[in-house]
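A.B. asks: Handing over query_0.txt, compact mmCIF, N, CA and C atoms.
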# COMPACT_ATOMS: atom_id res chain seq x y z
N MET A 149 42.52 15.66 48.55
CA MET A 149 43.06 15.64 49.88
C MET A 149 42.90 17.04 50.50
N ILE A 150 42.44 17.06 51.72
CA ILE A 150 42.35 18.29 52.49
C ILE A 150 42.98 18.00 53.85
N ASP A 151 43.96 18.79 54.22
CA ASP A 151 44.71 18.57 55.47
C ASP A 151 45.22 17.13 55.56
N LYS A 152 45.69 16.61 54.42
CA LYS A 152 46.25 15.25 54.31
C LYS A 152 45.21 14.16 54.60
N LYS A 153 43.94 14.50 54.40
CA LYS A 153 42.85 13.53 54.59
C LYS A 153 42.06 13.42 53.28
N LYS A 154 41.69 12.19 52.94
CA LYS A 154 40.94 11.95 51.71
C LYS A 154 39.49 12.39 51.89
N ILE A 155 38.98 13.17 50.92
CA ILE A 155 37.60 13.65 51.00
C ILE A 155 36.76 13.15 49.83
N CYS A 156 37.40 12.67 48.78
CA CYS A 156 36.64 12.18 47.63
C CYS A 156 37.45 11.14 46.87
N GLY A 157 36.80 10.52 45.91
CA GLY A 157 37.48 9.51 45.11
C GLY A 157 36.73 9.22 43.82
N ILE A 158 37.38 8.49 42.96
CA ILE A 158 36.79 8.09 41.69
C ILE A 158 36.21 6.70 41.86
N LEU A 159 34.96 6.54 41.42
CA LEU A 159 34.27 5.26 41.50
C LEU A 159 34.16 4.69 40.09
N GLN A 160 34.35 3.38 39.98
CA GLN A 160 34.19 2.77 38.66
C GLN A 160 33.57 1.39 38.79
N GLU A 161 32.81 1.05 37.79
CA GLU A 161 32.13 -0.23 37.78
C GLU A 161 32.03 -0.71 36.33
N THR A 162 32.27 -1.99 36.11
CA THR A 162 32.13 -2.57 34.79
C THR A 162 30.77 -3.26 34.70
N LEU A 163 30.10 -3.06 33.59
CA LEU A 163 28.76 -3.61 33.38
C LEU A 163 28.72 -4.27 32.02
N ILE A 164 28.18 -5.47 31.95
CA ILE A 164 28.01 -6.15 30.67
C ILE A 164 26.52 -6.28 30.40
N LYS A 165 26.10 -5.77 29.25
CA LYS A 165 24.69 -5.80 28.86
C LYS A 165 24.61 -6.10 27.38
N LEU A 166 23.83 -7.13 27.03
CA LEU A 166 23.67 -7.54 25.64
C LEU A 166 25.01 -7.74 24.95
N ASP A 167 25.91 -8.45 25.63
CA ASP A 167 27.25 -8.78 25.12
C ASP A 167 28.14 -7.56 24.85
N LYS A 168 27.79 -6.42 25.42
CA LYS A 168 28.63 -5.23 25.33
C LYS A 168 29.13 -4.88 26.73
N LYS A 169 30.37 -4.47 26.78
CA LYS A 169 31.00 -4.13 28.07
C LYS A 169 31.05 -2.61 28.21
N TYR A 170 30.60 -2.12 29.36
CA TYR A 170 30.58 -0.68 29.63
C TYR A 170 31.37 -0.40 30.90
N LEU A 171 32.01 0.76 30.92
CA LEU A 171 32.69 1.23 32.11
C LEU A 171 31.94 2.46 32.61
N ILE A 172 31.44 2.38 33.83
CA ILE A 172 30.72 3.49 34.44
C ILE A 172 31.68 4.15 35.43
N VAL A 173 31.88 5.45 35.27
CA VAL A 173 32.83 6.18 36.11
C VAL A 173 32.10 7.32 36.79
N GLY A 174 32.39 7.52 38.07
CA GLY A 174 31.76 8.60 38.80
C GLY A 174 32.70 9.15 39.86
N VAL A 175 32.21 10.14 40.56
CA VAL A 175 32.99 10.77 41.63
C VAL A 175 32.19 10.65 42.92
N GLY A 176 32.85 10.24 43.97
CA GLY A 176 32.23 10.18 45.28
C GLY A 176 32.85 11.23 46.19
N VAL A 177 32.00 12.02 46.83
CA VAL A 177 32.47 13.07 47.74
C VAL A 177 31.89 12.79 49.12
N ASN A 178 32.74 12.79 50.14
CA ASN A 178 32.28 12.59 51.51
C ASN A 178 31.63 13.89 52.00
N LEU A 179 30.31 13.90 51.98
CA LEU A 179 29.59 15.11 52.39
C LEU A 179 29.27 15.11 53.88
N ILE A 180 28.75 13.98 54.39
CA ILE A 180 28.25 13.93 55.76
C ILE A 180 29.07 13.00 56.65
N LYS A 181 29.51 11.88 56.09
CA LYS A 181 30.29 10.90 56.85
C LYS A 181 31.57 10.57 56.10
N SER A 182 32.51 9.98 56.82
CA SER A 182 33.76 9.54 56.23
C SER A 182 33.94 8.06 56.49
N PRO A 183 34.38 7.31 55.49
CA PRO A 183 34.63 5.90 55.74
C PRO A 183 35.86 5.70 56.62
N TYR A 184 35.85 4.64 57.39
CA TYR A 184 37.05 4.31 58.17
C TYR A 184 37.95 3.46 57.29
N ILE A 185 39.15 3.91 57.06
CA ILE A 185 40.15 3.16 56.30
C ILE A 185 41.40 3.10 57.17
N LYS A 186 41.77 1.90 57.56
CA LYS A 186 42.92 1.72 58.45
C LYS A 186 44.17 2.38 57.85
N ASN A 187 44.86 3.16 58.66
CA ASN A 187 46.09 3.86 58.28
C ASN A 187 45.91 4.84 57.11
N TYR A 188 44.68 5.32 56.90
CA TYR A 188 44.42 6.26 55.81
C TYR A 188 43.36 7.25 56.29
N PRO A 189 43.77 8.43 56.72
CA PRO A 189 42.80 9.39 57.27
C PRO A 189 41.81 9.90 56.22
N THR A 190 40.56 10.04 56.63
CA THR A 190 39.50 10.57 55.76
C THR A 190 38.78 11.71 56.47
N THR A 191 38.06 12.50 55.70
CA THR A 191 37.29 13.60 56.26
C THR A 191 36.03 13.80 55.44
N ASN A 192 35.20 14.74 55.84
CA ASN A 192 33.98 15.06 55.09
C ASN A 192 33.69 16.56 55.21
N LEU A 193 32.85 17.05 54.31
CA LEU A 193 32.56 18.48 54.28
C LEU A 193 31.85 18.97 55.54
N LYS A 194 30.94 18.17 56.07
CA LYS A 194 30.22 18.58 57.28
C LYS A 194 31.19 18.81 58.43
N GLU A 195 32.16 17.92 58.56
CA GLU A 195 33.17 18.03 59.62
C GLU A 195 34.05 19.26 59.40
N LEU A 196 34.44 19.51 58.16
CA LEU A 196 35.32 20.63 57.85
C LEU A 196 34.63 21.98 58.00
N LEU A 197 33.36 22.05 57.60
CA LEU A 197 32.64 23.33 57.61
C LEU A 197 31.86 23.57 58.89
N ASN A 198 31.73 22.54 59.71
CA ASN A 198 30.95 22.63 60.95
C ASN A 198 29.50 23.03 60.70
N LYS A 199 28.95 22.58 59.57
CA LYS A 199 27.53 22.84 59.29
C LYS A 199 27.02 21.81 58.30
N LYS A 200 25.69 21.72 58.21
CA LYS A 200 25.06 20.80 57.29
C LYS A 200 25.36 21.20 55.85
N VAL A 201 25.57 20.20 55.01
CA VAL A 201 25.91 20.43 53.62
C VAL A 201 24.74 20.01 52.73
N SER A 202 24.37 20.84 51.78
CA SER A 202 23.28 20.53 50.86
C SER A 202 23.81 19.66 49.71
N LYS A 203 23.30 18.44 49.63
CA LYS A 203 23.70 17.53 48.54
C LYS A 203 23.35 18.13 47.19
N VAL A 204 22.20 18.76 47.10
CA VAL A 204 21.75 19.33 45.83
C VAL A 204 22.67 20.47 45.39
N LYS A 205 23.06 21.35 46.32
CA LYS A 205 23.95 22.46 45.97
C LYS A 205 25.31 21.95 45.50
N ILE A 206 25.86 20.98 46.21
CA ILE A 206 27.15 20.41 45.84
C ILE A 206 27.04 19.75 44.46
N GLU A 207 25.98 18.98 44.26
CA GLU A 207 25.77 18.32 42.97
C GLU A 207 25.70 19.34 41.83
N ASN A 208 24.94 20.40 42.02
CA ASN A 208 24.81 21.43 40.99
C ASN A 208 26.12 22.15 40.71
N GLN A 209 26.89 22.43 41.76
CA GLN A 209 28.19 23.09 41.57
C GLN A 209 29.16 22.19 40.82
N LEU A 210 29.21 20.91 41.20
CA LEU A 210 30.11 19.97 40.51
C LEU A 210 29.70 19.79 39.05
N LYS A 211 28.40 19.72 38.80
CA LYS A 211 27.89 19.57 37.44
C LYS A 211 28.29 20.77 36.59
N LYS A 212 28.13 21.98 37.14
CA LYS A 212 28.47 23.20 36.42
C LYS A 212 29.96 23.24 36.07
N ILE A 213 30.81 22.88 37.04
CA ILE A 213 32.26 22.86 36.81
C ILE A 213 32.61 21.83 35.76
N PHE A 214 32.03 20.64 35.86
CA PHE A 214 32.30 19.57 34.91
C PHE A 214 31.90 19.97 33.49
N GLU A 215 30.71 20.53 33.35
CA GLU A 215 30.23 20.93 32.02
C GLU A 215 31.09 22.04 31.43
N LEU A 216 31.52 22.97 32.25
CA LEU A 216 32.40 24.05 31.77
C LEU A 216 33.73 23.48 31.26
N ARG A 217 34.32 22.60 32.04
CA ARG A 217 35.60 21.98 31.64
C ARG A 217 35.43 21.13 30.40
N LEU A 218 34.33 20.42 30.30
CA LEU A 218 34.08 19.55 29.15
C LEU A 218 33.93 20.37 27.86
N THR A 219 33.23 21.48 27.94
CA THR A 219 33.07 22.32 26.73
C THR A 219 34.42 22.92 26.32
N LYS A 220 35.27 23.27 27.28
CA LYS A 220 36.60 23.80 26.95
C LYS A 220 37.46 22.71 26.31
N LEU A 221 37.29 21.48 26.73
CA LEU A 221 38.06 20.36 26.21
C LEU A 221 37.75 20.11 24.74
N TYR A 222 36.50 20.29 24.35
CA TYR A 222 36.08 19.99 22.98
C TYR A 222 36.02 21.21 22.07
N LYS A 223 36.61 22.33 22.46
CA LYS A 223 36.67 23.52 21.58
C LYS A 223 37.90 23.45 20.70
Could the structure of this file be written out as structure tokens, please?
C.D. replies:
Amino acid sequence: MIDKKKICGILQETLIKLDKKYLIVGVGVNLIKSPYIKNYPTTNLKELLNKKVSKVKIENQLKKIFELRLTKLYK
């Protein structure tokens, strides 16, 4: 939440393949647009920063943070 507006969320999907059940989990970040959700304000990085946002840069930064936290978790 930024300024009481949702900017990201957790995505999940269940997949069954060869009689095995998998849970796929990801993170969605509103970079350029925001979904309209009735009675639930949303925002995006482009709107907040007033400039174009690089998907690749954001992806690399999130990956770096995730990997750092993951290695600390398993030490």
A.B. asks: Within 8 Å of (40.4, 12.3, 55.7) in the file's own coordinates, which protein, DNA or RNA residues have an atom, counting only C-alpha atoms? List them as a VMD selection string.
C.D. replies: chain A and resid 149 to 155 182 188 to 192
A.B. asks: Measuring between all atoms listed in the file, which one of A:Val201, A:Leu210, A:Leu159, A:Leu221 shows the shortest distance to A:Gly176?
C.D. replies: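 Closest to A:Gly176, using all atoms listed in the file: A:Leu159.
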A.B. asks: In Å, how far is it from atom CA of A:Gly174 to atom C of A:Thr162?
C.D. replies: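 Atom-to-atom, atom CA of A:Gly174 to atom C of A:Thr162, that is 12.6 Å.
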A.B. asks: Hey, can you check how far atom CA of A:Leu179 sits from atom CA of A:Cys156?
C.D. replies: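 Distance reported for this atom pair: 9.0 Å.
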A.B. asks: What is the distance, in Å and to one decimal place, between atom CA of A:Lys200 and atom C of A:Asn178?
C.D. replies: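 That distance, rounded to one decimal, is 10.9 Å.
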A.B. asks: If you count only C-alpha atoms, which residues fall within 7 Å of A:Leu171, apart from same-chain ones fewer than 2 positions away, as number ranges by chain?
C.D. replies: A: 160-163, 169, 173
